[in-house]
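Enquirer: mmCIF, N, CA and C atoms, file work07.cif:
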```cif
data_input
loop_
_atom_site.label_atom_id
_atom_site.label_comp_id
_atom_site.auth_asym_id
_atom_site.auth_seq_id
_atom_site.Cartn_x
_atom_site.Cartn_y
_atom_site.Cartn_z
N MET A 175 0.84 -1.19 0.00
CA MET A 175 0.00 0.00 0.00
C MET A 175 0.89 1.25 0.00
N SER A 176 0.51 2.18 -0.80
CA SER A 176 1.27 3.41 -0.96
C SER A 176 0.98 4.39 0.18
N ASP A 177 2.03 5.07 0.63
CA ASP A 177 1.90 6.07 1.68
C ASP A 177 1.50 7.42 1.10
N ILE A 178 1.80 7.62 -0.18
CA ILE A 178 1.49 8.87 -0.87
C ILE A 178 0.27 8.64 -1.76
N ALA A 179 -0.79 9.37 -1.46
CA ALA A 179 -2.01 9.23 -2.27
C ALA A 179 -1.82 9.96 -3.59
N THR A 180 -2.19 9.31 -4.68
CA THR A 180 -2.11 9.94 -5.99
C THR A 180 -3.46 9.83 -6.69
N SER A 181 -3.67 10.69 -7.63
CA SER A 181 -4.92 10.70 -8.37
C SER A 181 -4.63 11.08 -9.81
N ASN A 182 -5.43 10.54 -10.72
CA ASN A 182 -5.30 10.93 -12.12
C ASN A 182 -5.92 12.30 -12.36
N ARG A 183 -6.70 12.78 -11.38
CA ARG A 183 -7.41 14.05 -11.53
C ARG A 183 -6.62 15.26 -11.07
N GLN A 184 -5.56 15.04 -10.32
CA GLN A 184 -4.75 16.17 -9.87
C GLN A 184 -3.28 15.80 -9.81
N ILE A 185 -2.46 16.82 -9.82
CA ILE A 185 -1.00 16.65 -9.71
C ILE A 185 -0.61 16.97 -8.28
N THR A 186 0.12 16.07 -7.65
CA THR A 186 0.68 16.34 -6.34
C THR A 186 2.10 16.84 -6.59
N LEU A 187 2.40 18.03 -6.07
CA LEU A 187 3.70 18.64 -6.32
C LEU A 187 4.44 18.83 -5.00
N PHE A 188 5.55 18.12 -4.86
CA PHE A 188 6.44 18.29 -3.71
C PHE A 188 7.48 19.33 -4.13
N TYR A 189 7.57 20.43 -3.38
CA TYR A 189 8.45 21.51 -3.79
C TYR A 189 8.93 22.31 -2.58
N SER A 190 9.94 23.16 -2.81
CA SER A 190 10.42 24.08 -1.80
C SER A 190 9.95 25.48 -2.17
N SER A 191 9.32 26.16 -1.21
CA SER A 191 8.81 27.51 -1.49
C SER A 191 9.94 28.51 -1.72
N LYS A 192 11.19 28.11 -1.46
CA LYS A 192 12.33 28.99 -1.69
C LYS A 192 12.97 28.76 -3.07
N SER A 193 12.47 27.79 -3.80
CA SER A 193 13.04 27.43 -5.09
C SER A 193 12.41 28.23 -6.22
N ASP A 194 13.25 28.90 -7.01
CA ASP A 194 12.74 29.64 -8.17
C ASP A 194 12.10 28.70 -9.18
N ARG A 195 12.73 27.54 -9.41
CA ARG A 195 12.18 26.58 -10.36
C ARG A 195 10.80 26.11 -9.91
N ALA A 196 10.65 25.88 -8.61
CA ALA A 196 9.35 25.44 -8.08
C ALA A 196 8.30 26.53 -8.23
N LYS A 197 8.67 27.77 -7.95
CA LYS A 197 7.72 28.88 -8.09
C LYS A 197 7.26 29.02 -9.54
N LYS A 198 8.21 28.91 -10.47
CA LYS A 198 7.87 29.02 -11.88
C LYS A 198 7.01 27.84 -12.33
N THR A 199 7.32 26.65 -11.80
CA THR A 199 6.54 25.45 -12.15
C THR A 199 5.11 25.60 -11.67
N LEU A 200 4.94 26.06 -10.42
CA LEU A 200 3.60 26.27 -9.88
C LEU A 200 2.83 27.31 -10.70
N ALA A 201 3.49 28.41 -11.01
CA ALA A 201 2.84 29.46 -11.79
C ALA A 201 2.42 28.93 -13.16
N TYR A 202 3.30 28.17 -13.79
CA TYR A 202 3.00 27.61 -15.10
C TYR A 202 1.82 26.64 -15.03
N ALA A 203 1.85 25.76 -14.03
CA ALA A 203 0.76 24.78 -13.86
C ALA A 203 -0.57 25.48 -13.64
N LYS A 204 -0.57 26.50 -12.80
CA LYS A 204 -1.81 27.23 -12.53
C LYS A 204 -2.29 27.97 -13.77
N ALA A 205 -1.37 28.53 -14.54
CA ALA A 205 -1.74 29.23 -15.78
C ALA A 205 -2.35 28.26 -16.79
N GLU A 206 -1.90 27.01 -16.76
CA GLU A 206 -2.43 25.98 -17.65
C GLU A 206 -3.74 25.39 -17.12
N GLY A 207 -4.11 25.80 -15.90
CA GLY A 207 -5.36 25.31 -15.31
C GLY A 207 -5.26 23.90 -14.75
N LEU A 208 -4.04 23.45 -14.47
CA LEU A 208 -3.86 22.10 -13.94
C LEU A 208 -4.22 22.08 -12.45
N PRO A 209 -4.98 21.07 -12.01
CA PRO A 209 -5.30 20.97 -10.58
C PRO A 209 -4.08 20.48 -9.80
N ILE A 210 -3.63 21.27 -8.83
CA ILE A 210 -2.39 20.99 -8.11
C ILE A 210 -2.66 20.84 -6.61
N LEU A 211 -2.10 19.79 -6.03
CA LEU A 211 -2.04 19.66 -4.57
C LEU A 211 -0.61 20.02 -4.21
N GLU A 212 -0.44 21.16 -3.54
CA GLU A 212 0.90 21.66 -3.22
C GLU A 212 1.37 21.13 -1.87
N ILE A 213 2.59 20.58 -1.85
CA ILE A 213 3.21 20.15 -0.60
C ILE A 213 4.58 20.81 -0.50
N ASP A 214 4.64 21.86 0.33
CA ASP A 214 5.89 22.59 0.53
C ASP A 214 6.74 21.79 1.51
N ILE A 215 7.86 21.26 1.04
CA ILE A 215 8.69 20.39 1.89
C ILE A 215 9.37 21.16 3.02
N LEU A 216 9.36 22.48 2.94
CA LEU A 216 9.92 23.27 4.04
C LEU A 216 8.93 23.43 5.19
N LYS A 217 7.64 23.23 4.87
CA LYS A 217 6.58 23.37 5.89
C LYS A 217 6.01 22.03 6.32
N THR A 218 6.02 21.07 5.44
CA THR A 218 5.46 19.74 5.71
C THR A 218 6.58 18.73 5.75
N LYS A 219 6.86 18.20 6.94
CA LYS A 219 7.95 17.22 7.08
C LYS A 219 7.52 15.89 6.44
N LEU A 220 8.35 15.41 5.55
CA LEU A 220 8.06 14.13 4.89
C LEU A 220 8.55 12.98 5.76
N THR A 221 7.79 11.90 5.76
CA THR A 221 8.19 10.73 6.53
C THR A 221 9.27 9.97 5.76
N GLY A 222 9.97 9.10 6.46
CA GLY A 222 10.96 8.26 5.80
C GLY A 222 10.33 7.40 4.73
N THR A 223 9.13 6.90 5.01
CA THR A 223 8.41 6.07 4.05
C THR A 223 8.08 6.88 2.80
N GLN A 224 7.63 8.12 2.98
CA GLN A 224 7.30 8.97 1.82
C GLN A 224 8.55 9.24 0.98
N LEU A 225 9.67 9.53 1.63
CA LEU A 225 10.90 9.79 0.89
C LEU A 225 11.35 8.56 0.11
N ALA A 226 11.29 7.40 0.76
CA ALA A 226 11.67 6.15 0.09
C ALA A 226 10.74 5.88 -1.08
N GLU A 227 9.46 6.18 -0.89
CA GLU A 227 8.47 5.95 -1.96
C GLU A 227 8.70 6.90 -3.14
N LEU A 228 9.02 8.16 -2.85
CA LEU A 228 9.32 9.11 -3.93
C LEU A 228 10.51 8.63 -4.74
N ALA A 229 11.56 8.19 -4.06
CA ALA A 229 12.75 7.68 -4.76
C ALA A 229 12.37 6.47 -5.62
N GLU A 230 11.58 5.58 -5.05
CA GLU A 230 11.17 4.38 -5.79
C GLU A 230 10.35 4.75 -7.03
N LYS A 231 9.43 5.69 -6.88
CA LYS A 231 8.59 6.11 -8.01
C LYS A 231 9.42 6.78 -9.11
N LEU A 232 10.52 7.43 -8.70
CA LEU A 232 11.41 8.06 -9.67
C LEU A 232 12.46 7.09 -10.22
N HIS A 233 12.46 5.85 -9.68
CA HIS A 233 13.41 4.82 -10.07
C HIS A 233 14.85 5.24 -9.78
N ILE A 234 15.04 5.84 -8.59
CA ILE A 234 16.37 6.25 -8.15
C ILE A 234 16.57 5.82 -6.69
N GLU A 235 17.80 5.91 -6.23
CA GLU A 235 18.11 5.64 -4.82
C GLU A 235 17.75 6.88 -4.00
N VAL A 236 17.48 6.69 -2.71
CA VAL A 236 17.18 7.83 -1.84
C VAL A 236 18.33 8.83 -1.88
N ALA A 237 19.56 8.34 -1.93
CA ALA A 237 20.73 9.23 -1.99
C ALA A 237 20.64 10.19 -3.18
N ASP A 238 20.03 9.72 -4.28
CA ASP A 238 19.92 10.54 -5.48
C ASP A 238 18.85 11.62 -5.36
N LEU A 239 18.07 11.60 -4.28
CA LEU A 239 17.11 12.68 -4.01
C LEU A 239 17.82 13.91 -3.46
N VAL A 240 19.07 13.72 -3.03
CA VAL A 240 19.82 14.82 -2.41
C VAL A 240 20.59 15.60 -3.47
N ASN A 241 20.40 16.91 -3.44
CA ASN A 241 21.15 17.80 -4.32
C ASN A 241 22.48 18.11 -3.62
N GLN A 242 23.51 17.39 -3.99
CA GLN A 242 24.80 17.54 -3.33
C GLN A 242 25.53 18.81 -3.75
N GLU A 243 24.94 19.57 -4.67
CA GLU A 243 25.49 20.86 -5.08
C GLU A 243 24.89 21.99 -4.26
N HIS A 244 23.81 21.72 -3.52
CA HIS A 244 23.13 22.76 -2.75
C HIS A 244 24.05 23.31 -1.67
N PRO A 245 24.08 24.64 -1.49
CA PRO A 245 24.95 25.25 -0.47
C PRO A 245 24.74 24.67 0.94
N SER A 246 23.50 24.32 1.28
CA SER A 246 23.26 23.74 2.61
C SER A 246 23.93 22.38 2.75
N TYR A 247 23.99 21.64 1.64
CA TYR A 247 24.65 20.33 1.69
C TYR A 247 26.15 20.51 1.79
N THR A 248 26.71 21.35 0.92
CA THR A 248 28.16 21.50 0.88
C THR A 248 28.71 22.13 2.15
N SER A 249 27.91 22.96 2.82
CA SER A 249 28.40 23.60 4.04
C SER A 249 28.28 22.70 5.27
N LYS A 250 27.37 21.71 5.23
CA LYS A 250 27.14 20.87 6.42
C LYS A 250 27.71 19.46 6.30
N PHE A 251 27.85 18.97 5.08
CA PHE A 251 28.22 17.57 4.89
C PHE A 251 29.39 17.43 3.93
N GLU A 252 30.15 16.37 4.13
CA GLU A 252 31.20 16.02 3.18
C GLU A 252 30.69 14.84 2.36
N SER A 253 31.23 14.70 1.17
CA SER A 253 30.83 13.55 0.35
C SER A 253 31.15 12.27 1.12
N HIS A 254 30.20 11.39 1.16
CA HIS A 254 30.34 10.20 1.98
C HIS A 254 29.34 9.16 1.51
N ASN A 255 29.62 7.92 1.77
CA ASN A 255 28.65 6.87 1.48
C ASN A 255 27.80 6.64 2.72
N PHE A 256 26.63 7.21 2.71
CA PHE A 256 25.70 7.07 3.84
C PHE A 256 24.73 5.92 3.56
N SER A 257 24.12 5.42 4.62
CA SER A 257 23.08 4.40 4.44
C SER A 257 21.80 5.10 4.00
N THR A 258 20.85 4.33 3.50
CA THR A 258 19.56 4.89 3.09
C THR A 258 18.91 5.63 4.25
N ASP A 259 18.96 5.04 5.45
CA ASP A 259 18.36 5.70 6.62
C ASP A 259 19.05 7.03 6.92
N ASP A 260 20.37 7.08 6.75
CA ASP A 260 21.11 8.33 6.97
C ASP A 260 20.67 9.41 5.97
N TRP A 261 20.52 9.01 4.69
CA TRP A 261 20.09 9.97 3.66
C TRP A 261 18.70 10.49 4.01
N ILE A 262 17.81 9.60 4.44
CA ILE A 262 16.45 10.01 4.80
C ILE A 262 16.49 11.03 5.93
N LYS A 263 17.28 10.74 6.95
CA LYS A 263 17.39 11.66 8.09
C LYS A 263 17.97 13.01 7.65
N MET A 264 18.94 12.98 6.75
CA MET A 264 19.53 14.23 6.25
C MET A 264 18.47 15.08 5.56
N ILE A 265 17.65 14.45 4.72
CA ILE A 265 16.60 15.19 4.02
C ILE A 265 15.56 15.70 5.01
N GLN A 266 15.19 14.86 5.97
CA GLN A 266 14.18 15.28 6.95
C GLN A 266 14.65 16.49 7.76
N HIS A 267 15.91 16.51 8.13
CA HIS A 267 16.44 17.61 8.95
C HIS A 267 16.89 18.81 8.12
N ASN A 268 17.08 18.60 6.83
CA ASN A 268 17.53 19.66 5.90
C ASN A 268 16.74 19.55 4.60
N PRO A 269 15.43 19.79 4.62
CA PRO A 269 14.60 19.54 3.44
C PRO A 269 15.03 20.36 2.21
N GLU A 270 15.73 21.46 2.44
CA GLU A 270 16.15 22.29 1.31
C GLU A 270 17.15 21.58 0.40
N ILE A 271 17.78 20.49 0.87
CA ILE A 271 18.76 19.77 0.04
C ILE A 271 18.11 18.74 -0.89
N MET A 272 16.79 18.55 -0.76
CA MET A 272 16.11 17.57 -1.60
C MET A 272 15.91 18.13 -3.01
N LYS A 273 16.20 17.29 -4.00
CA LYS A 273 15.94 17.68 -5.39
C LYS A 273 14.43 17.81 -5.55
N GLN A 274 14.01 18.86 -6.17
CA GLN A 274 12.60 19.13 -6.35
C GLN A 274 12.43 20.21 -7.42
N PRO A 275 11.27 20.47 -7.91
CA PRO A 275 9.99 19.86 -7.55
C PRO A 275 9.81 18.46 -8.14
N ILE A 276 9.02 17.68 -7.42
CA ILE A 276 8.66 16.34 -7.87
C ILE A 276 7.14 16.34 -8.05
N ALA A 277 6.71 15.92 -9.23
CA ALA A 277 5.29 15.91 -9.56
C ALA A 277 4.79 14.48 -9.72
N LEU A 278 3.63 14.21 -9.13
CA LEU A 278 2.99 12.90 -9.24
C LEU A 278 1.58 13.06 -9.76
N ARG A 279 1.19 12.18 -10.66
CA ARG A 279 -0.19 12.12 -11.15
C ARG A 279 -0.47 10.68 -11.50
N GLY A 280 -1.37 10.06 -10.78
CA GLY A 280 -1.66 8.66 -11.01
C GLY A 280 -0.41 7.82 -10.80
N ASP A 281 -0.03 7.06 -11.83
CA ASP A 281 1.16 6.19 -11.74
C ASP A 281 2.42 6.86 -12.26
N VAL A 282 2.33 8.12 -12.65
CA VAL A 282 3.47 8.82 -13.25
C VAL A 282 4.10 9.77 -12.22
N THR A 283 5.43 9.71 -12.13
CA THR A 283 6.18 10.59 -11.23
C THR A 283 7.38 11.14 -12.00
N ILE A 284 7.56 12.47 -11.91
CA ILE A 284 8.71 13.07 -12.59
C ILE A 284 9.42 14.06 -11.67
N LEU A 285 10.71 14.20 -11.88
CA LEU A 285 11.48 15.26 -11.26
C LEU A 285 11.47 16.39 -12.28
N VAL A 286 10.87 17.52 -11.90
CA VAL A 286 10.70 18.64 -12.82
C VAL A 286 12.05 19.35 -13.01
N GLU A 287 12.56 19.30 -14.24
CA GLU A 287 13.83 19.96 -14.55
C GLU A 287 13.60 21.39 -15.02
N THR A 288 12.55 21.58 -15.82
CA THR A 288 12.16 22.92 -16.26
C THR A 288 10.66 23.07 -16.00
N PRO A 289 10.19 24.29 -15.74
CA PRO A 289 8.77 24.47 -15.39
C PRO A 289 7.78 23.85 -16.39
N THR A 290 8.13 23.84 -17.66
CA THR A 290 7.21 23.28 -18.65
C THR A 290 7.10 21.75 -18.59
N ASP A 291 8.01 21.10 -17.85
CA ASP A 291 7.94 19.64 -17.69
C ASP A 291 6.61 19.22 -17.05
N ILE A 292 6.00 20.13 -16.31
CA ILE A 292 4.76 19.79 -15.58
C ILE A 292 3.65 19.37 -16.54
N ILE A 293 3.67 19.85 -17.77
CA ILE A 293 2.61 19.45 -18.70
C ILE A 293 2.82 18.03 -19.23
N LYS A 294 4.02 17.48 -19.05
CA LYS A 294 4.29 16.10 -19.49
C LYS A 294 3.54 15.08 -18.65
N ILE A 295 3.11 15.51 -17.48
CA ILE A 295 2.47 14.58 -16.57
C ILE A 295 0.96 14.65 -16.74
#
```
Could you quickly redo this structure as structure tokens?
Expert:
Amino acid sequence: MSDIATSNRQITLFYSSKSDRAKKTLAYAKAEGLPILEIDILKTKLTGTQLAELAEKLHIEVADLVNQEHPSYTSKFESHNFSTDDWIKMIQHNPEIMKQPIALRGDVTILVETPTDIIKI
């Protein structure tokens, strides 16, 4: 059973309200009239299960959810081989380091690279 509810009728968007790409993606989606369920990862703490599920839906490892180029990551952590649980805890305590926005609709999940990617879902 999935921990993250999805629907074919709306897009669930996991994003950071401090991200320019996320702001542009949201604006674009709303301009296109797409129904969006917004989940700001800076305000809503994601569970370990949700993070693992997002990684699985994207067909990547949890470690790959971390933006290792982000200033918060580079200032707090050194490159290291962490366990999946360690990566989850890092994201939970530092949500700004998570790659985002991530959009889900039904069985489709994408990591939004450019704001127009949202229409692909």
Enquirer: So which residues of chain A fall under alpha helix (DSSP H) by DSSP, listed as a PDB file with N, CA and C atoms, in the coordinates of the input?
Expert:
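What ended up in part_9.pdb:
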```pdb
ATOM      1  N   ASP A 194      13.250  28.900  -7.010  1.00  0.00           N
ATOM      2  CA  ASP A 194      12.740  29.640  -8.170  1.00  0.00           C
ATOM      3  C   ASP A 194      12.100  28.700  -9.180  1.00  0.00           C
ATOM      4  N   ARG A 195      12.730  27.540  -9.410  1.00  0.00           N
ATOM      5  CA  ARG A 195      12.180  26.580 -10.360  1.00  0.00           C
ATOM      6  C   ARG A 195      10.800  26.110  -9.910  1.00  0.00           C
ATOM      7  N   ALA A 196      10.650  25.880  -8.610  1.00  0.00           N
ATOM      8  CA  ALA A 196       9.350  25.440  -8.080  1.00  0.00           C
ATOM      9  C   ALA A 196       8.300  26.530  -8.230  1.00  0.00           C
ATOM     10  N   LYS A 197       8.670  27.770  -7.950  1.00  0.00           N
ATOM     11  CA  LYS A 197       7.720  28.880  -8.090  1.00  0.00           C
ATOM     12  C   LYS A 197       7.260  29.020  -9.540  1.00  0.00           C
ATOM     13  N   LYS A 198       8.210  28.910 -10.470  1.00  0.00           N
ATOM     14  CA  LYS A 198       7.870  29.020 -11.880  1.00  0.00           C
ATOM     15  C   LYS A 198       7.010  27.840 -12.330  1.00  0.00           C
ATOM     16  N   THR A 199       7.320  26.650 -11.800  1.00  0.00           N
ATOM     17  CA  THR A 199       6.540  25.450 -12.150  1.00  0.00           C
ATOM     18  C   THR A 199       5.110  25.600 -11.670  1.00  0.00           C
ATOM     19  N   LEU A 200       4.940  26.060 -10.420  1.00  0.00           N
ATOM     20  CA  LEU A 200       3.600  26.270  -9.880  1.00  0.00           C
ATOM     21  C   LEU A 200       2.830  27.310 -10.700  1.00  0.00           C
ATOM     22  N   ALA A 201       3.490  28.410 -11.010  1.00  0.00           N
ATOM     23  CA  ALA A 201       2.840  29.460 -11.790  1.00  0.00           C
ATOM     24  C   ALA A 201       2.420  28.930 -13.160  1.00  0.00           C
ATOM     25  N   TYR A 202       3.300  28.170 -13.790  1.00  0.00           N
ATOM     26  CA  TYR A 202       3.000  27.610 -15.100  1.00  0.00           C
ATOM     27  C   TYR A 202       1.820  26.640 -15.030  1.00  0.00           C
ATOM     28  N   ALA A 203       1.850  25.760 -14.030  1.00  0.00           N
ATOM     29  CA  ALA A 203       0.760  24.780 -13.860  1.00  0.00           C
ATOM     30  C   ALA A 203      -0.570  25.480 -13.640  1.00  0.00           C
ATOM     31  N   LYS A 204      -0.570  26.500 -12.800  1.00  0.00           N
ATOM     32  CA  LYS A 204      -1.810  27.230 -12.530  1.00  0.00           C
ATOM     33  C   LYS A 204      -2.290  27.970 -13.770  1.00  0.00           C
ATOM     34  N   ALA A 205      -1.370  28.530 -14.540  1.00  0.00           N
ATOM     35  CA  ALA A 205      -1.740  29.230 -15.780  1.00  0.00           C
ATOM     36  C   ALA A 205      -2.350  28.260 -16.790  1.00  0.00           C
ATOM     37  N   GLY A 222       9.970   9.100   6.460  1.00  0.00           N
ATOM     38  CA  GLY A 222      10.960   8.260   5.800  1.00  0.00           C
ATOM     39  C   GLY A 222      10.330   7.400   4.730  1.00  0.00           C
ATOM     40  N   THR A 223       9.130   6.900   5.010  1.00  0.00           N
ATOM     41  CA  THR A 223       8.410   6.070   4.050  1.00  0.00           C
ATOM     42  C   THR A 223       8.080   6.880   2.800  1.00  0.00           C
ATOM     43  N   GLN A 224       7.630   8.120   2.980  1.00  0.00           N
ATOM     44  CA  GLN A 224       7.300   8.970   1.820  1.00  0.00           C
ATOM     45  C   GLN A 224       8.550   9.240   0.980  1.00  0.00           C
ATOM     46  N   LEU A 225       9.670   9.530   1.630  1.00  0.00           N
ATOM     47  CA  LEU A 225      10.900   9.790   0.890  1.00  0.00           C
ATOM     48  C   LEU A 225      11.350   8.560   0.110  1.00  0.00           C
ATOM     49  N   ALA A 226      11.290   7.400   0.760  1.00  0.00           N
ATOM     50  CA  ALA A 226      11.670   6.150   0.090  1.00  0.00           C
ATOM     51  C   ALA A 226      10.740   5.880  -1.080  1.00  0.00           C
ATOM     52  N   GLU A 227       9.460   6.180  -0.890  1.00  0.00           N
ATOM     53  CA  GLU A 227       8.470   5.950  -1.960  1.00  0.00           C
ATOM     54  C   GLU A 227       8.700   6.900  -3.140  1.00  0.00           C
ATOM     55  N   LEU A 228       9.020   8.160  -2.850  1.00  0.00           N
ATOM     56  CA  LEU A 228       9.320   9.110  -3.930  1.00  0.00           C
ATOM     57  C   LEU A 228      10.510   8.630  -4.740  1.00  0.00           C
ATOM     58  N   ALA A 229      11.560   8.190  -4.060  1.00  0.00           N
ATOM     59  CA  ALA A 229      12.750   7.680  -4.760  1.00  0.00           C
ATOM     60  C   ALA A 229      12.370   6.470  -5.620  1.00  0.00           C
ATOM     61  N   GLU A 230      11.580   5.580  -5.050  1.00  0.00           N
ATOM     62  CA  GLU A 230      11.170   4.380  -5.790  1.00  0.00           C
ATOM     63  C   GLU A 230      10.350   4.750  -7.030  1.00  0.00           C
ATOM     64  N   LYS A 231       9.430   5.690  -6.880  1.00  0.00           N
ATOM     65  CA  LYS A 231       8.590   6.110  -8.010  1.00  0.00           C
ATOM     66  C   LYS A 231       9.420   6.780  -9.110  1.00  0.00           C
ATOM     67  N   PRO A 245      24.080  24.640  -1.490  1.00  0.00           N
ATOM     68  CA  PRO A 245      24.950  25.250  -0.470  1.00  0.00           C
ATOM     69  C   PRO A 245      24.740  24.670   0.940  1.00  0.00           C
ATOM     70  N   SER A 246      23.500  24.320   1.280  1.00  0.00           N
ATOM     71  CA  SER A 246      23.260  23.740   2.610  1.00  0.00           C
ATOM     72  C   SER A 246      23.930  22.380   2.750  1.00  0.00           C
ATOM     73  N   TYR A 247      23.990  21.640   1.640  1.00  0.00           N
ATOM     74  CA  TYR A 247      24.650  20.330   1.690  1.00  0.00           C
ATOM     75  C   TYR A 247      26.150  20.510   1.790  1.00  0.00           C
ATOM     76  N   THR A 248      26.710  21.350   0.920  1.00  0.00           N
ATOM     77  CA  THR A 248      28.160  21.500   0.880  1.00  0.00           C
ATOM     78  C   THR A 248      28.710  22.130   2.150  1.00  0.00           C
ATOM     79  N   SER A 249      27.910  22.960   2.820  1.00  0.00           N
ATOM     80  CA  SER A 249      28.400  23.600   4.040  1.00  0.00           C
ATOM     81  C   SER A 249      28.280  22.700   5.270  1.00  0.00           C
ATOM     82  N   LYS A 250      27.370  21.710   5.230  1.00  0.00           N
ATOM     83  CA  LYS A 250      27.140  20.870   6.420  1.00  0.00           C
ATOM     84  C   LYS A 250      27.710  19.460   6.300  1.00  0.00           C
ATOM     85  N   THR A 258      20.850   4.330   3.500  1.00  0.00           N
ATOM     86  CA  THR A 258      19.560   4.890   3.090  1.00  0.00           C
ATOM     87  C   THR A 258      18.910   5.630   4.250  1.00  0.00           C
ATOM     88  N   ASP A 259      18.960   5.040   5.450  1.00  0.00           N
ATOM     89  CA  ASP A 259      18.360   5.700   6.620  1.00  0.00           C
ATOM     90  C   ASP A 259      19.050   7.030   6.920  1.00  0.00           C
ATOM     91  N   ASP A 260      20.370   7.080   6.750  1.00  0.00           N
ATOM     92  CA  ASP A 260      21.110   8.330   6.970  1.00  0.00           C
ATOM     93  C   ASP A 260      20.670   9.410   5.970  1.00  0.00           C
ATOM     94  N   TRP A 261      20.520   9.010   4.690  1.00  0.00           N
ATOM     95  CA  TRP A 261      20.090   9.970   3.660  1.00  0.00           C
ATOM     96  C   TRP A 261      18.700  10.490   4.010  1.00  0.00           C
ATOM     97  N   ILE A 262      17.810   9.600   4.440  1.00  0.00           N
ATOM     98  CA  ILE A 262      16.450  10.010   4.800  1.00  0.00           C
ATOM     99  C   ILE A 262      16.490  11.030   5.930  1.00  0.00           C
ATOM    100  N   LYS A 263      17.280  10.740   6.950  1.00  0.00           N
ATOM    101  CA  LYS A 263      17.390  11.660   8.090  1.00  0.00           C
ATOM    102  C   LYS A 263      17.970  13.010   7.650  1.00  0.00           C
ATOM    103  N   MET A 264      18.940  12.980   6.750  1.00  0.00           N
ATOM    104  CA  MET A 264      19.530  14.230   6.250  1.00  0.00           C
ATOM    105  C   MET A 264      18.470  15.080   5.560  1.00  0.00           C
ATOM    106  N   ILE A 265      17.650  14.450   4.720  1.00  0.00           N
ATOM    107  CA  ILE A 265      16.600  15.190   4.020  1.00  0.00           C
ATOM    108  C   ILE A 265      15.560  15.700   5.010  1.00  0.00           C
ATOM    109  N   GLN A 266      15.190  14.860   5.970  1.00  0.00           N
ATOM    110  CA  GLN A 266      14.180  15.280   6.950  1.00  0.00           C
ATOM    111  C   GLN A 266      14.650  16.490   7.760  1.00  0.00           C
ATOM    112  N   HIS A 267      15.910  16.510   8.130  1.00  0.00           N
ATOM    113  CA  HIS A 267      16.440  17.610   8.950  1.00  0.00           C
ATOM    114  C   HIS A 267      16.890  18.810   8.120  1.00  0.00           C
TER     115      HIS A 267
END
```
Enquirer: Write out as number ranges by chain the set of residues from chain A that DSSP, computed on the backbone, places in strand (DSSP E or B).
Expert: A: 185-189, 210-214, 240, 272, 276-279, 282-285
Enquirer: One number please: CA of Thr288 in chain A to CA of Ala203 in chain A, in Å, one decimal.
Expert: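 Those two atoms sit 11.8 Å apart.
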Enquirer: Excluding range 232-236 of chain A and residues on its chain fewer than 5 positions from it, collect all residues at most 7 Å away from it, counting all atoms listed in the file, and give them as a list in words.
Expert: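 Close residues of range 232-236 of chain A: Leu225, Ala226, Glu227, Thr258, Trp261, Ile262, Thr283, Ile284 and Leu285 of chain A.
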Enquirer: Store the residues picked out above in a file with N, CA and C atoms, as a PDB file, in the coordinates of the input.
Expert:
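part_5.pdb written:
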```pdb
ATOM      1  N   LEU A 225       9.670   9.530   1.630  1.00  0.00           N
ATOM      2  CA  LEU A 225      10.900   9.790   0.890  1.00  0.00           C
ATOM      3  C   LEU A 225      11.350   8.560   0.110  1.00  0.00           C
ATOM      4  N   ALA A 226      11.290   7.400   0.760  1.00  0.00           N
ATOM      5  CA  ALA A 226      11.670   6.150   0.090  1.00  0.00           C
ATOM      6  C   ALA A 226      10.740   5.880  -1.080  1.00  0.00           C
ATOM      7  N   GLU A 227       9.460   6.180  -0.890  1.00  0.00           N
ATOM      8  CA  GLU A 227       8.470   5.950  -1.960  1.00  0.00           C
ATOM      9  C   GLU A 227       8.700   6.900  -3.140  1.00  0.00           C
ATOM     10  N   THR A 258      20.850   4.330   3.500  1.00  0.00           N
ATOM     11  CA  THR A 258      19.560   4.890   3.090  1.00  0.00           C
ATOM     12  C   THR A 258      18.910   5.630   4.250  1.00  0.00           C
ATOM     13  N   TRP A 261      20.520   9.010   4.690  1.00  0.00           N
ATOM     14  CA  TRP A 261      20.090   9.970   3.660  1.00  0.00           C
ATOM     15  C   TRP A 261      18.700  10.490   4.010  1.00  0.00           C
ATOM     16  N   ILE A 262      17.810   9.600   4.440  1.00  0.00           N
ATOM     17  CA  ILE A 262      16.450  10.010   4.800  1.00  0.00           C
ATOM     18  C   ILE A 262      16.490  11.030   5.930  1.00  0.00           C
ATOM     19  N   THR A 283       5.430   9.710 -12.130  1.00  0.00           N
ATOM     20  CA  THR A 283       6.180  10.590 -11.230  1.00  0.00           C
ATOM     21  C   THR A 283       7.380  11.140 -12.000  1.00  0.00           C
ATOM     22  N   ILE A 284       7.560  12.470 -11.910  1.00  0.00           N
ATOM     23  CA  ILE A 284       8.710  13.070 -12.590  1.00  0.00           C
ATOM     24  C   ILE A 284       9.420  14.060 -11.670  1.00  0.00           C
ATOM     25  N   LEU A 285      10.710  14.200 -11.880  1.00  0.00           N
ATOM     26  CA  LEU A 285      11.480  15.260 -11.260  1.00  0.00           C
ATOM     27  C   LEU A 285      11.470  16.390 -12.280  1.00  0.00           C
TER      28      LEU A 285
END
```
Enquirer: Check the smallest atom-to-atom distance from each of A:Glu230, A:Gln224, A:Ser191, A:Ile210 to Ile295 in chain A using only C-alpha atoms, then report the winner.
Expert: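 Ranked by minimum distance to Ile295 in chain A, first place goes to A:Ile210.
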Enquirer: Expand the PyMOL selection byres (((chain A and resi 200 and name CA) around 10) and name CA) into the individual residues it matches in the shown file, reporting them as a list in words.
Expert: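 Answer for the PyMOL selection byres (((chain A and resi 200 and name CA) around 10) and name CA): Leu187, Tyr189, Ser191, Asp194, Arg195, Ala196, Lys197, Lys198, Thr199, Ala201, Tyr202, Ala203, Lys204, Ala205, Glu206, Leu208, Ile210, Glu212, Pro275, Pro289, Thr290 and Ile292 of chain A.
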Enquirer: To one decimal in Å, tell me the separation between atom C of Ile271 in chain A and atom N of Ser257 in chain A.
Expert: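 Separation of atom C of Ile271 in chain A and atom N of Ser257 in chain A: 15.6 Å.
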